[in-house]
>>> print(open('entry13.cif').read())   # mmCIF, C-alpha atoms and all ligand atoms
data_structure
loop_
_atom_site.label_atom_id
_atom_site.label_comp_id
_atom_site.auth_asym_id
_atom_site.auth_seq_id
_atom_site.Cartn_x
_atom_site.Cartn_y
_atom_site.Cartn_z
CA MET G 1320 10.72 79.71 200.52
CA SER G 1321 14.46 79.63 200.30
CA ILE G 1322 16.56 76.83 198.86
CA ILE G 1323 20.27 76.35 198.32
CA LEU G 1324 20.74 76.36 194.57
CA ASN G 1325 24.18 75.53 193.20
CA GLY G 1326 25.67 76.51 196.53
CA ASN G 1327 23.88 79.83 196.93
CA ASN G 1328 20.93 80.72 199.14
CA VAL G 1329 18.06 81.69 196.87
CA ASP G 1330 14.63 83.06 197.84
CA HIS G 1331 11.80 82.34 195.49
CA GLN G 1332 8.45 84.04 195.11
CA GLU G 1333 5.34 81.97 195.46
CA GLY G 1334 4.74 79.93 192.34
CA VAL G 1335 8.08 78.14 192.43
CA ASN G 1336 7.15 74.99 194.29
CA THR G 1337 8.18 72.13 192.02
CA VAL G 1338 11.26 71.20 190.04
CA GLU G 1339 9.33 71.96 186.86
CA GLN G 1340 8.49 75.45 188.07
CA LEU G 1341 12.07 76.01 189.18
CA LEU G 1342 13.38 75.05 185.74
CA SER G 1343 10.97 77.33 183.93
CA HIS G 1344 11.80 80.14 186.37
CA TYR G 1345 15.37 79.93 185.05
CA HIS G 1346 14.22 79.37 181.45
CA LEU G 1347 15.71 75.90 181.45
CA GLU G 1348 12.52 74.00 180.62
CA ASN G 1349 13.66 73.21 177.11
CA ARG G 1350 17.28 72.60 177.93
CA ILE G 1351 19.07 69.36 178.56
CA VAL G 1352 19.53 69.37 182.32
CA VAL G 1353 20.39 67.14 185.23
CA VAL G 1354 18.68 68.08 188.49
CA GLU G 1355 19.59 66.87 191.93
CA VAL G 1356 17.61 67.54 195.08
CA ASN G 1357 19.22 66.65 198.40
CA LYS G 1358 21.79 64.44 196.63
CA GLU G 1359 19.16 62.46 194.68
CA ILE G 1360 18.83 62.91 190.92
CA VAL G 1361 15.28 63.76 189.90
CA MET G 1362 14.07 61.91 186.81
CA LYS G 1363 12.37 64.01 184.17
CA GLU G 1364 9.00 62.31 184.60
CA ASN G 1365 9.00 63.53 188.20
CA TYR G 1366 9.74 67.21 187.53
CA LYS G 1367 6.04 68.04 187.74
CA THR G 1368 5.34 66.20 190.96
CA MET G 1369 8.59 66.73 192.84
CA SER G 1370 7.89 69.58 195.21
CA LEU G 1371 10.56 71.65 196.86
CA SER G 1372 10.76 72.42 200.52
CA HIS G 1373 12.40 75.20 202.47
CA GLY G 1374 16.12 74.47 202.87
CA ASP G 1375 16.38 71.92 200.05
CA VAL G 1376 19.82 71.62 198.51
CA VAL G 1377 19.35 71.75 194.76
CA GLU G 1378 21.93 71.38 192.02
CA ILE G 1379 21.02 72.10 188.41
CA ILE G 1380 23.44 71.56 185.57
CA HIS G 1381 22.35 72.38 182.05
CA PHE G 1382 24.11 71.45 178.84
CA VAL G 1383 25.29 73.99 176.34
CA GLY G 1384 26.84 73.68 172.91
CA GLY G 1385 29.93 75.78 172.53
CA GLY G 1386 33.62 75.56 172.79
CA MET X 383 66.43 66.89 187.35
CA THR X 384 66.63 69.60 184.74
CA ASN X 385 64.50 68.32 181.92
CA ARG X 386 61.61 70.38 180.58
CA TYR X 387 59.06 68.31 182.48
CA SER X 388 60.85 68.41 185.84
CA ARG X 389 58.14 70.42 187.65
CA GLN X 390 55.39 68.17 186.38
CA GLU X 391 57.38 65.04 187.13
CA LEU X 392 57.96 66.17 190.71
CA PHE X 393 54.20 66.33 191.11
CA LEU X 394 53.05 63.30 189.10
CA GLY X 395 56.05 60.99 189.46
CA SER X 396 58.31 59.55 186.78
CA LYS X 397 55.99 56.64 186.02
CA ALA X 398 53.15 58.97 185.13
CA GLN X 399 55.51 61.14 183.09
CA ALA X 400 56.54 58.08 181.08
CA LYS X 401 52.85 57.29 180.48
CA ILE X 402 52.29 60.83 179.26
CA LYS X 403 55.12 60.45 176.79
CA GLU X 404 53.65 57.21 175.46
CA ALA X 405 50.12 58.60 175.29
CA SER X 406 48.25 59.80 172.26
CA VAL X 407 45.46 62.30 172.73
CA ILE X 408 43.01 63.49 170.11
CA ILE X 409 41.29 66.86 170.47
CA ILE X 410 38.06 67.24 168.54
CA GLY X 411 37.84 70.90 167.60
CA ALA X 412 40.52 73.58 167.69
CA GLY X 413 38.46 76.59 168.68
CA ALA X 414 38.67 78.07 172.16
CA LEU X 415 38.57 74.90 174.25
CA GLY X 416 40.69 73.02 171.74
CA SER X 417 43.38 75.72 171.66
CA ALA X 418 43.59 75.81 175.43
CA SER X 419 43.70 72.02 175.85
CA ALA X 420 46.14 71.53 173.02
CA GLU X 421 48.61 74.04 174.43
CA MET X 422 48.52 72.51 177.91
CA LEU X 423 48.82 68.96 176.57
CA ALA X 424 51.67 69.85 174.23
CA ARG X 425 53.55 71.51 177.08
CA ALA X 426 52.84 68.49 179.29
CA GLY X 427 54.62 66.31 176.74
CA ILE X 428 51.83 64.09 175.43
CA GLY X 429 53.73 61.91 172.94
CA ARG X 430 51.29 62.22 170.09
CA LEU X 431 48.66 64.91 169.76
CA THR X 432 45.98 64.91 167.06
CA ILE X 433 43.92 67.99 166.23
CA VAL X 434 40.79 67.96 164.07
CA ASP X 435 38.96 71.12 163.04
CA ARG X 436 36.71 72.22 160.19
CA ASP X 437 37.12 75.97 160.43
CA TYR X 438 39.63 78.66 159.51
CA VAL X 439 41.01 81.46 161.68
CA ASP X 440 38.79 84.52 161.86
CA LEU X 441 39.49 87.86 163.57
CA SER X 442 36.69 87.24 166.08
CA ASN X 443 38.54 84.12 167.30
CA LEU X 444 41.60 85.95 168.64
CA GLN X 445 39.89 87.16 171.84
CA ARG X 446 39.93 83.60 173.24
CA GLN X 447 41.58 81.13 170.87
CA GLN X 448 45.09 81.32 172.22
CA LEU X 449 46.98 79.47 169.49
CA TYR X 450 46.19 81.97 166.74
CA THR X 451 47.62 85.28 165.62
CA GLU X 452 46.68 88.22 163.41
CA GLU X 453 48.88 86.73 160.71
CA ASP X 454 46.80 83.55 160.71
CA VAL X 455 43.72 85.72 160.18
CA ARG X 456 45.36 87.55 157.27
CA ASN X 457 46.30 84.24 155.68
CA GLN X 458 42.91 82.73 156.46
CA LEU X 459 44.65 79.57 157.58
CA PRO X 460 42.62 76.56 158.61
CA LYS X 461 42.75 76.24 162.39
CA ALA X 462 44.11 72.71 162.12
CA ILE X 463 47.15 74.04 160.23
CA ALA X 464 47.74 77.16 162.32
CA ALA X 465 47.40 75.11 165.52
CA LYS X 466 49.93 72.52 164.38
CA THR X 467 52.46 75.20 163.48
CA ARG X 468 52.12 76.94 166.83
CA LEU X 469 52.18 73.71 168.86
CA GLU X 470 55.34 72.59 167.09
CA GLN X 471 56.99 75.85 168.19
CA ILE X 472 55.92 75.11 171.75
CA ASN X 473 57.13 71.51 171.81
CA SER X 474 59.21 70.05 169.00
CA GLU X 475 59.75 66.76 170.84
CA ILE X 476 56.24 65.47 170.33
CA ILE X 477 54.30 64.38 167.25
CA ILE X 478 51.45 66.62 166.19
CA ASN X 479 49.02 65.53 163.52
CA SER X 480 46.21 67.71 162.30
CA PHE X 481 43.25 67.25 160.01
CA ILE X 482 41.04 69.83 158.32
CA GLN X 483 37.82 67.92 158.62
CA ASP X 484 34.27 68.21 159.76
CA VAL X 485 33.78 65.38 162.23
CA ASN X 486 30.89 63.13 161.31
CA GLY X 487 29.60 59.62 161.85
CA LEU X 488 31.60 58.33 158.92
CA ASN X 489 35.09 59.64 159.72
CA ILE X 490 35.17 59.75 163.52
CA GLU X 491 36.13 56.11 164.07
CA GLU X 492 39.16 56.34 161.83
CA LEU X 493 40.21 59.59 163.48
CA ILE X 494 40.11 58.33 167.07
CA GLU X 495 41.66 54.94 166.37
CA ASP X 496 44.88 54.29 168.32
CA HIS X 497 44.38 57.16 170.73
CA SER X 498 44.45 56.78 174.49
CA VAL X 499 42.12 59.67 175.33
CA ILE X 500 39.65 61.89 173.45
CA VAL X 501 39.14 65.52 174.47
CA ASP X 502 35.89 67.20 173.47
CA ALA X 503 36.30 70.70 172.13
CA THR X 504 33.51 70.80 169.59
CA ASP X 505 31.32 73.84 169.27
CA ASN X 506 28.08 71.91 169.11
CA PHE X 507 26.36 69.24 171.12
CA GLU X 508 25.45 67.07 168.14
CA THR X 509 29.10 66.42 167.36
CA SER X 510 29.78 65.55 171.00
CA LEU X 511 27.16 62.82 170.71
CA ILE X 512 28.86 61.44 167.59
CA VAL X 513 32.19 61.38 169.42
CA ASN X 514 30.51 59.76 172.43
CA ASP X 515 29.27 56.90 170.24
CA ALA X 516 32.70 56.33 168.72
CA ALA X 517 34.44 56.56 172.10
CA LEU X 518 32.18 53.92 173.59
CA LYS X 519 32.48 51.67 170.56
CA HIS X 520 36.29 51.80 170.69
CA ARG X 521 36.41 51.94 174.50
CA ILE X 522 38.45 55.12 174.71
CA PRO X 523 37.95 57.58 177.58
CA PHE X 524 36.16 60.73 176.38
CA LEU X 525 36.29 64.00 178.28
CA PHE X 526 33.23 66.07 177.51
CA GLY X 527 33.47 69.84 177.86
CA ALA X 528 31.48 72.82 176.65
CA CYS X 529 31.16 76.49 177.50
CA VAL X 530 29.24 79.58 176.55
CA GLY X 531 28.92 83.02 178.14
CA SER X 532 30.57 82.70 181.53
CA TYR X 533 29.31 79.15 182.06
CA GLY X 534 31.06 75.87 181.38
CA LEU X 535 30.65 72.20 182.17
CA THR X 536 32.68 69.02 182.03
CA TYR X 537 32.01 65.33 182.34
CA PRO X 538 34.42 62.38 182.03
CA ILE X 539 33.14 59.32 180.17
CA ILE X 540 35.03 56.12 180.98
CA PRO X 541 33.73 53.21 178.87
CA GLY X 542 32.58 50.30 181.00
CA GLU X 543 32.48 52.42 184.13
CA THR X 544 30.61 55.72 183.98
CA PRO X 545 27.30 56.50 182.30
CA CYS X 546 27.94 57.88 178.82
CA LEU X 547 26.79 61.23 177.47
CA HIS X 548 23.79 59.55 175.89
CA CYS X 549 22.72 58.10 179.27
CA LEU X 550 22.58 61.62 180.62
CA LEU X 551 20.19 62.59 177.87
CA ASN X 552 17.82 59.71 177.98
CA HIS X 553 15.63 61.08 180.68
CA LEU X 554 16.04 64.55 179.29
CA PRO X 555 14.48 66.56 176.51
CA MET X 556 16.22 66.24 173.17
CA ASP X 557 15.14 69.63 171.89
CA GLY X 558 17.48 71.72 173.98
CA MET X 559 20.21 71.73 171.40
CA THR X 560 19.49 75.16 170.02
CA CYS X 561 22.54 77.28 169.62
CA ASP X 562 23.69 79.91 172.00
CA THR X 563 24.45 83.34 170.67
CA VAL X 564 25.28 85.09 173.91
CA GLY X 565 29.02 85.28 173.37
CA VAL X 566 31.74 83.98 175.62
CA ILE X 567 34.54 85.34 177.81
CA SER X 568 37.94 83.71 177.79
CA PRO X 569 38.34 82.84 181.50
CA ILE X 570 35.55 80.25 181.34
CA VAL X 571 37.31 78.68 178.37
CA GLN X 572 40.50 78.37 180.39
CA ILE X 573 38.70 76.87 183.38
CA THR X 574 36.73 74.35 181.35
CA ALA X 575 39.81 73.25 179.40
CA ALA X 576 41.85 73.11 182.62
CA LEU X 577 39.37 70.68 184.13
CA GLN X 578 39.47 68.52 181.01
CA VAL X 579 43.26 68.50 180.89
CA THR X 580 43.43 67.65 184.59
CA GLN X 581 41.26 64.64 183.82
CA VAL X 582 43.62 63.61 181.00
CA LEU X 583 46.56 63.74 183.41
CA GLN X 584 44.60 61.81 186.02
CA ILE X 585 43.66 59.06 183.57
CA LEU X 586 47.26 58.75 182.39
CA SER X 587 48.45 58.67 186.01
CA GLY X 588 46.11 55.77 186.74
CA GLU X 589 43.74 57.74 188.97
CA THR X 590 40.08 56.69 189.12
CA LEU X 591 37.67 59.23 187.69
CA PHE X 592 34.18 59.39 189.15
CA PRO X 593 31.09 60.14 187.07
CA MET X 594 30.90 63.75 188.20
CA LEU X 595 29.05 66.22 186.05
CA GLN X 596 30.53 69.58 186.95
CA SER X 597 29.52 73.09 186.03
CA MET X 598 30.63 76.58 186.90
CA ASP X 599 29.65 80.11 186.16
CA ILE X 600 32.66 82.29 186.61
CA TRP X 601 30.73 85.57 186.44
CA LYS X 602 28.21 84.56 189.10
CA ASN X 603 30.83 82.60 191.04
CA GLU X 604 28.57 79.58 191.09
CA LYS X 605 29.49 75.91 191.01
CA ALA X 606 27.53 72.69 190.83
CA GLU X 607 28.50 69.05 190.93
CA ILE X 608 26.30 65.99 190.46
CA ASN X 609 27.33 62.35 190.70
CA VAL X 610 25.37 60.79 187.84
CA THR X 611 26.06 57.09 188.53
CA GLN X 612 22.32 56.62 188.91
CA LEU X 613 21.72 57.62 185.27
CA LYS X 614 23.63 54.65 183.82
CA ASN X 615 21.11 53.09 181.46
CA LYS X 616 21.31 49.38 180.65
CA LEU X 617 19.26 50.01 177.53
CA CYS X 618 21.34 52.97 176.38
CA PRO X 619 21.74 52.79 172.57
CA THR X 620 25.38 53.82 173.01
CA CYS X 621 26.70 52.08 176.12
CA GLY X 622 23.93 49.62 177.00
CA GLU X 623 23.87 45.85 176.56
CA HIS X 624 22.94 46.01 172.87
CA PRO X 625 24.43 49.20 171.52
CA SER X 626 23.46 50.46 168.08
CA TYR X 627 25.60 53.63 168.09
CA PRO X 628 22.86 55.72 166.47
CA PHE X 629 25.00 58.82 165.98
CA LEU X 630 27.49 56.97 163.79
CA LEU X 631 24.92 56.45 161.06
CA PHE X 632 25.88 58.79 158.31
CA GLU X 633 23.37 60.56 156.14
CA ASN X 634 24.50 60.07 152.60
CA GLN X 635 23.45 63.44 151.38
CA MET X 636 24.52 67.06 151.45
CA LYS X 637 24.55 68.21 155.05
CA THR X 638 23.97 71.80 156.08
CA ASP X 639 24.82 73.29 159.47
CA VAL X 640 23.76 76.77 160.41
CA LEU X 641 26.78 78.14 162.30
CA CYS X 642 25.49 79.71 165.46
CA GLY X 643 25.76 83.45 165.79
CA ARG X 644 27.93 83.81 162.72
CA ASP X 645 25.43 84.49 159.97
CA ALA X 646 26.91 81.56 158.09
CA VAL X 647 26.03 78.09 156.93
CA GLN X 648 28.36 75.15 156.43
CA LEU X 649 27.67 72.74 153.59
CA ARG X 650 29.26 69.35 153.36
CA PRO X 651 28.78 67.13 150.33
CA GLY X 652 27.52 63.75 151.46
CA LEU X 653 28.88 61.34 148.90
CA LYS X 654 32.45 60.18 148.47
CA PRO X 655 34.75 63.11 148.98
CA LYS X 656 36.26 64.57 145.88
CA THR X 657 39.35 66.74 145.73
CA TYR X 658 38.92 70.05 143.97
CA SER X 659 41.77 72.00 142.45
CA LEU X 660 41.40 75.39 144.09
CA PRO X 661 43.60 77.35 141.63
CA TYR X 662 41.53 75.91 138.77
CA LEU X 663 38.31 76.84 140.53
CA LEU X 664 39.53 80.40 141.03
CA GLU X 665 40.59 80.64 137.39
CA ARG X 666 37.08 79.62 136.30
CA LEU X 667 35.44 81.97 138.76
CA LYS X 668 37.69 84.98 138.33
CA ASN X 669 35.13 87.14 136.54
CA HIS X 670 32.43 86.34 139.04
CA VAL X 671 34.13 86.87 142.37
CA THR X 672 35.95 89.65 144.21
CA ASN X 673 38.59 89.79 146.94
CA PRO X 674 39.79 86.23 146.49
CA VAL X 675 42.23 84.75 149.01
CA LEU X 676 43.77 81.48 147.94
CA ASN X 677 46.01 79.28 150.05
CA ARG X 678 46.90 75.61 149.96
CA TYR X 679 43.82 74.63 151.86
CA LEU X 680 40.97 76.92 150.89
CA LEU X 681 39.64 79.56 148.57
CA SER X 682 37.84 82.49 150.13
CA CYS X 683 36.04 85.04 147.96
CA LYS X 684 33.03 87.27 147.58
CA PHE X 685 30.39 85.77 145.28
CA GLU X 686 27.12 87.63 144.69
CA ASP X 687 26.22 88.98 148.16
CA TYR X 688 28.00 86.23 150.03
CA ARG X 689 31.49 85.43 151.19
CA ILE X 690 32.30 81.85 150.37
CA VAL X 691 35.07 79.82 151.93
CA PHE X 692 35.60 76.71 149.87
CA PHE X 693 37.81 73.80 151.01
CA GLU X 694 39.41 71.30 148.64
CA ASP X 695 37.07 68.50 149.66
CA GLY X 696 34.07 70.52 148.51
CA ARG X 697 33.06 71.58 151.98
CA SER X 698 32.09 75.19 152.14
CA ILE X 699 31.16 77.91 154.60
CA ILE X 700 28.81 80.52 153.18
CA HIS X 701 28.70 83.81 155.06
CA GLY X 702 25.81 86.22 154.72
CA THR X 703 22.88 83.95 155.42
CA ASN X 704 21.37 81.87 158.22
CA GLU X 705 19.14 79.94 155.86
CA ALA X 706 20.19 76.46 154.82
CA LYS X 707 18.04 76.57 151.69
CA LYS X 708 19.53 79.84 150.48
CA ALA X 709 23.04 78.55 151.19
CA ARG X 710 22.42 75.41 149.15
CA ALA X 711 21.26 77.48 146.19
CA VAL X 712 24.32 79.75 146.40
CA TYR X 713 26.60 76.71 146.65
CA LYS X 714 25.04 75.22 143.54
CA ARG X 715 25.48 78.43 141.54
CA PHE X 716 29.08 78.69 142.77
CA ILE X 717 30.18 75.14 142.08
CA GLN X 718 28.70 75.03 138.58
CA PHE X 719 31.76 77.00 137.45
CA TYR X 720 34.00 74.04 138.21
ZN ZN G 1401 25.02 55.39 177.75
#
>>> encode(input="entry13.cif", output="C-alpha cells", more="lines below")
Ligand SMILES: [Zn+2]
Amino acid sequence: MSIILNGNNVDHQEGVNTVEQLLSHYHLENRIVVVEVNKEIVMKENYKTMSLSHGDVVEIIHFVGGG
Amino acid sequence: MTNRYSRQELFLGSKAQAKIKEASVIIIGAGALGSASAEMLARAGIGRLTIVDRDYVDLSNLQRQQLYTEEDVRNQLPKAIAAKTRLEQINSEIIINSFIQDVNGLNIEELIEDHSVIVDATDNFETSLIVNDAALKHRIPFLFGACVGSYGLTYPIIPGETPCLHCLLNHLPMDGMTCDTVGVISPIVQITAALQVTQVLQILSGETLFPMLQSMDIWKNEKAEINVTQLKNKLCPTCGEHPSYPFLLFENQMKTDVLCGRDAVQLRPGLKPKTYSLPYLLERLKNHVTNPVLNRYLLSCKFEDYRIVFFEDGRSIIHGTNEAKKARAVYKRFIQFY
C-alpha cells in the first residue's frame, strides 16, 4: 500500500494499516502529534480504528521541545 | 526614501512600518530560536524588544546561537545580557530590555504585560504551555515554535480566534514531553525563527493568521501543514468558556529541571526570591572550590565533582549529573557556606 505522507509517496509493508500502526512505525506513538487523513484531523480515540487506504493523503506533525 | 527601513517599508507599506515602531515584542528564551528572532526583529525596528533567558553562554551554543561570541563564552555571560549588548549594536534606535530569569507560572504574567506579541523560543514544551496560558489570559498573540535535529514546527495562537496550544494537546498523549538529545543543525533554527518572525510582521501589518500547524524537516526536504480549526475545544482549561489556566499555578517549592542532553540539572528555589551577594559567597567558598569565574550576574566554579553556576537569585545549574536528587544534595552542601 502506498500513501502520500507529508507530501512524499511512501510504500509500507503489510502491518501498517491503521493510523495507530503508522504512528508506531515512525516511533511517534508516545509523542504529541496531530494527524490528518485526506484533510480531516483524526482524533486520538480513532487512531486504532481509522484504517488507511491506498493513495490516502496523510499529514503527521509531531511536537518537539527544543529551541 | 533612504531610512534604514526603506526596503522593508517598500514591501510592507508605511502604515505597517509605523505599527512595527510602536510594537513591543517579548521573546521567551534567547537560545537558538531566540537569537535568530531577536536579530531579525531588532533589524526590523520593533520599538521595544524584551528578552528573557535563564542560561549563560556556553561554547556549545556558538554553532547556532547567532548573537553570541567566544568572548561571551570566556566571560560566561548570561544570554540575556550578551543578547542585549549585541542587539544594541545592531539597532540603537529601539529599546531592548532583558531579564535573567527562568520563566514560570509566577513571573510570566508580569513579563508579558504590555507587549503586543509573544515569540516562543523556549527549549522545552512545558514552558511553552505556561506561556500559552499567560498569553490567553492577557489576550496577546503567541507564536509557538520549536525545533530539534533537522525538524521544526510553528503554530500561531491568536486569542479569541485560533485553538490554543492546550487545545492541540487535549486529544493527544501528555507523556510525549521527553527531551530530545539528537542535536540540532542551524538551518532549521533559521527557518523556524523566520516563520515566526514572518507571523509577527503579518500580525503587525493587520494580516489575518490562520490556525495552521506547520512543520518541516530540512534534511529530508519534507513539509506538512494542518489546519487545526477543528481542534478548538470549548472546554479547554486555557481558552475555553471557563478557563482555569492550570499552567500558571506555581509550585511553592524547590523546582528541579534536568537539562536535556547537557548532563546538568537546574535548581530554582521556590519561595520568595532572595538576592545573594556573589563576591561574599565566593569568599566563603574559596577553600572549597576551584576555577571560579565571577561576574556581575553569576558565580561559576568547580565544587566537589561538579561545576556549579550560581545566579544571584539562588537559581543554580549543576553540571556533572542528570539526577535531580543528587543535584539537590550538592546544592544544599554548596549553599550552606553562605
Ligand atoms: Zn485551548
>>> closest_residue(input="entry13.cif", among="X:Asp639, X:Glu470, X:Glu543, X:Glu589", to="ligand ZN 1401 (chain G)", atoms="only C-alpha atoms and all ligand atoms")
X:Glu543
>>> interface_residues(input="entry13.cif", of="chain G", to="chain X", cutoff="7 Å", atoms="only C-alpha atoms", output="PyMOL selection string")
chain G and resi 1325-1326+1349-1352+1355+1362-1363+1378-1380+1383-1386
>>> write_last_selection(input="entry13.cif", atoms="C-alpha atoms", output="compact mmCIF listing (two decimals), in the coordinates of the input")
# COMPACT_ATOMS: atom_id res chain seq x y z
CA ASN G 1325 24.18 75.53 193.20
CA GLY G 1326 25.67 76.51 196.53
CA ASN G 1349 13.66 73.21 177.11
CA ARG G 1350 17.28 72.60 177.93
CA ILE G 1351 19.07 69.36 178.56
CA VAL G 1352 19.53 69.37 182.32
CA GLU G 1355 19.59 66.87 191.93
CA MET G 1362 14.07 61.91 186.81
CA LYS G 1363 12.37 64.01 184.17
CA GLU G 1378 21.93 71.38 192.02
CA ILE G 1379 21.02 72.10 188.41
CA ILE G 1380 23.44 71.56 185.57
CA VAL G 1383 25.29 73.99 176.34
CA GLY G 1384 26.84 73.68 172.91
CA GLY G 1385 29.93 75.78 172.53
CA GLY G 1386 33.62 75.56 172.79
>>> residues_around(input="entry13.cif", residues="Gly429 (chain X)", least_positions_apart="3", cutoff="10 Å", atoms="only C-alpha atoms", output="mmCIF file with C-alpha atoms, in the frame of the given file")
data_model
loop_
_atom_site.group_PDB
_atom_site.id
_atom_site.type_symbol
_atom_site.label_atom_id
_atom_site.label_comp_id
_atom_site.auth_asym_id
_atom_site.auth_seq_id
_atom_site.Cartn_x
_atom_site.Cartn_y
_atom_site.Cartn_z
ATOM 1 C CA ALA X 400 56.540 58.080 181.080
ATOM 2 C CA LYS X 401 52.850 57.290 180.480
ATOM 3 C CA ILE X 402 52.290 60.830 179.260
ATOM 4 C CA LYS X 403 55.120 60.450 176.790
ATOM 5 C CA GLU X 404 53.650 57.210 175.460
ATOM 6 C CA ALA X 405 50.120 58.600 175.290
ATOM 7 C CA SER X 406 48.250 59.800 172.260
ATOM 8 C CA VAL X 407 45.460 62.300 172.730
ATOM 9 C CA LEU X 423 48.820 68.960 176.570
ATOM 10 C CA ALA X 424 51.670 69.850 174.230
ATOM 11 C CA ALA X 426 52.840 68.490 179.290
ATOM 12 C CA GLU X 475 59.750 66.760 170.840
ATOM 13 C CA ILE X 476 56.240 65.470 170.330
ATOM 14 C CA ILE X 477 54.300 64.380 167.250
ATOM 15 C CA ILE X 478 51.450 66.620 166.190
#
>>> residues_near_ligand(input="entry13.cif", ligand="ligand ZN 1401 (chain G)", cutoff="10 Å", atoms="all atoms listed in the file", output="PDB file with C-alpha atoms, keeping the file's coordinate frame")
ATOM      1  CA  ASN X 514      30.510  59.760 172.430  1.00  0.00           C
ATOM      2  CA  ASP X 515      29.270  56.900 170.240  1.00  0.00           C
ATOM      3  CA  LEU X 518      32.180  53.920 173.590  1.00  0.00           C
ATOM      4  CA  ILE X 539      33.140  59.320 180.170  1.00  0.00           C
ATOM      5  CA  PRO X 541      33.730  53.210 178.870  1.00  0.00           C
ATOM      6  CA  GLY X 542      32.580  50.300 181.000  1.00  0.00           C
ATOM      7  CA  THR X 544      30.610  55.720 183.980  1.00  0.00           C
ATOM      8  CA  PRO X 545      27.300  56.500 182.300  1.00  0.00           C
ATOM      9  CA  CYS X 546      27.940  57.880 178.820  1.00  0.00           C
ATOM     10  CA  LEU X 547      26.790  61.230 177.470  1.00  0.00           C
ATOM     11  CA  HIS X 548      23.790  59.550 175.890  1.00  0.00           C
ATOM     12  CA  CYS X 549      22.720  58.100 179.270  1.00  0.00           C
ATOM     13  CA  LEU X 550      22.580  61.620 180.620  1.00  0.00           C
ATOM     14  CA  LEU X 551      20.190  62.590 177.870  1.00  0.00           C
ATOM     15  CA  ASN X 552      17.820  59.710 177.980  1.00  0.00           C
ATOM     16  CA  LEU X 613      21.720  57.620 185.270  1.00  0.00           C
ATOM     17  CA  LYS X 614      23.630  54.650 183.820  1.00  0.00           C
ATOM     18  CA  ASN X 615      21.110  53.090 181.460  1.00  0.00           C
ATOM     19  CA  LYS X 616      21.310  49.380 180.650  1.00  0.00           C
ATOM     20  CA  LEU X 617      19.260  50.010 177.530  1.00  0.00           C
ATOM     21  CA  CYS X 618      21.340  52.970 176.380  1.00  0.00           C
ATOM     22  CA  PRO X 619      21.740  52.790 172.570  1.00  0.00           C
ATOM     23  CA  THR X 620      25.380  53.820 173.010  1.00  0.00           C
ATOM     24  CA  CYS X 621      26.700  52.080 176.120  1.00  0.00           C
ATOM     25  CA  GLY X 622      23.930  49.620 177.000  1.00  0.00           C
ATOM     26  CA  GLU X 623      23.870  45.850 176.560  1.00  0.00           C
ATOM     27  CA  PRO X 625      24.430  49.200 171.520  1.00  0.00           C
ATOM     28  CA  TYR X 627      25.600  53.630 168.090  1.00  0.00           C
TER      29      TYR X 627
END
>>> atom_distance(input="entry13.cif", atom1="CA of Ile1323 (chain G)", atom2="CA of Leu1371 (chain G)")
10.9 Å
>>> residues_around(input="entry13.cif", residues="Arg650 (chain X)", least_positions_apart="4", cutoff="8 Å", atoms="all atoms listed in the file", output="list in words")
Met636, Lys637, Thr638, Gly696, Arg697 and Ser698 of chain X
>>> residues_near_point(input="entry13.cif", point="(59.7, 70.9, 176.1)", cutoff="8 Å", atoms="all atoms listed in the file", output="PyMOL selection string")
chain X and resi 385-387+425-427+472-475
>>> atom_distance(input="entry13.cif", atom1="CA of Asp645 (chain X)", atom2="CA of Cys683 (chain X)")
16.0 Å
>>> atom_distance(input="entry13.cif", atom1="CA of Tyr438 (chain X)", atom2="CA of Phe1382 (chain G)")
25.8 Å
>>> residues_around(input="entry13.cif", residues="Pro460 (chain X)", least_positions_apart="6", cutoff="12 Å", atoms="only C-alpha atoms", output="JSON, numbers by chain")
{"X": [411, 412, 413, 433, 434, 435, 436, 437, 438, 439, 440, 450, 454, 466, 467, 480, 481, 482, 483, 484, 676, 677, 678, 679, 680, 681, 682, 691, 692, 693, 694]}
>>> residues_around(input="entry13.cif", residues="region 1365-1367 of chain G", least_positions_apart="4", cutoff="7 Å", atoms="all atoms listed in the file", output="number ranges by chain")
G: 1337-1339, 1361
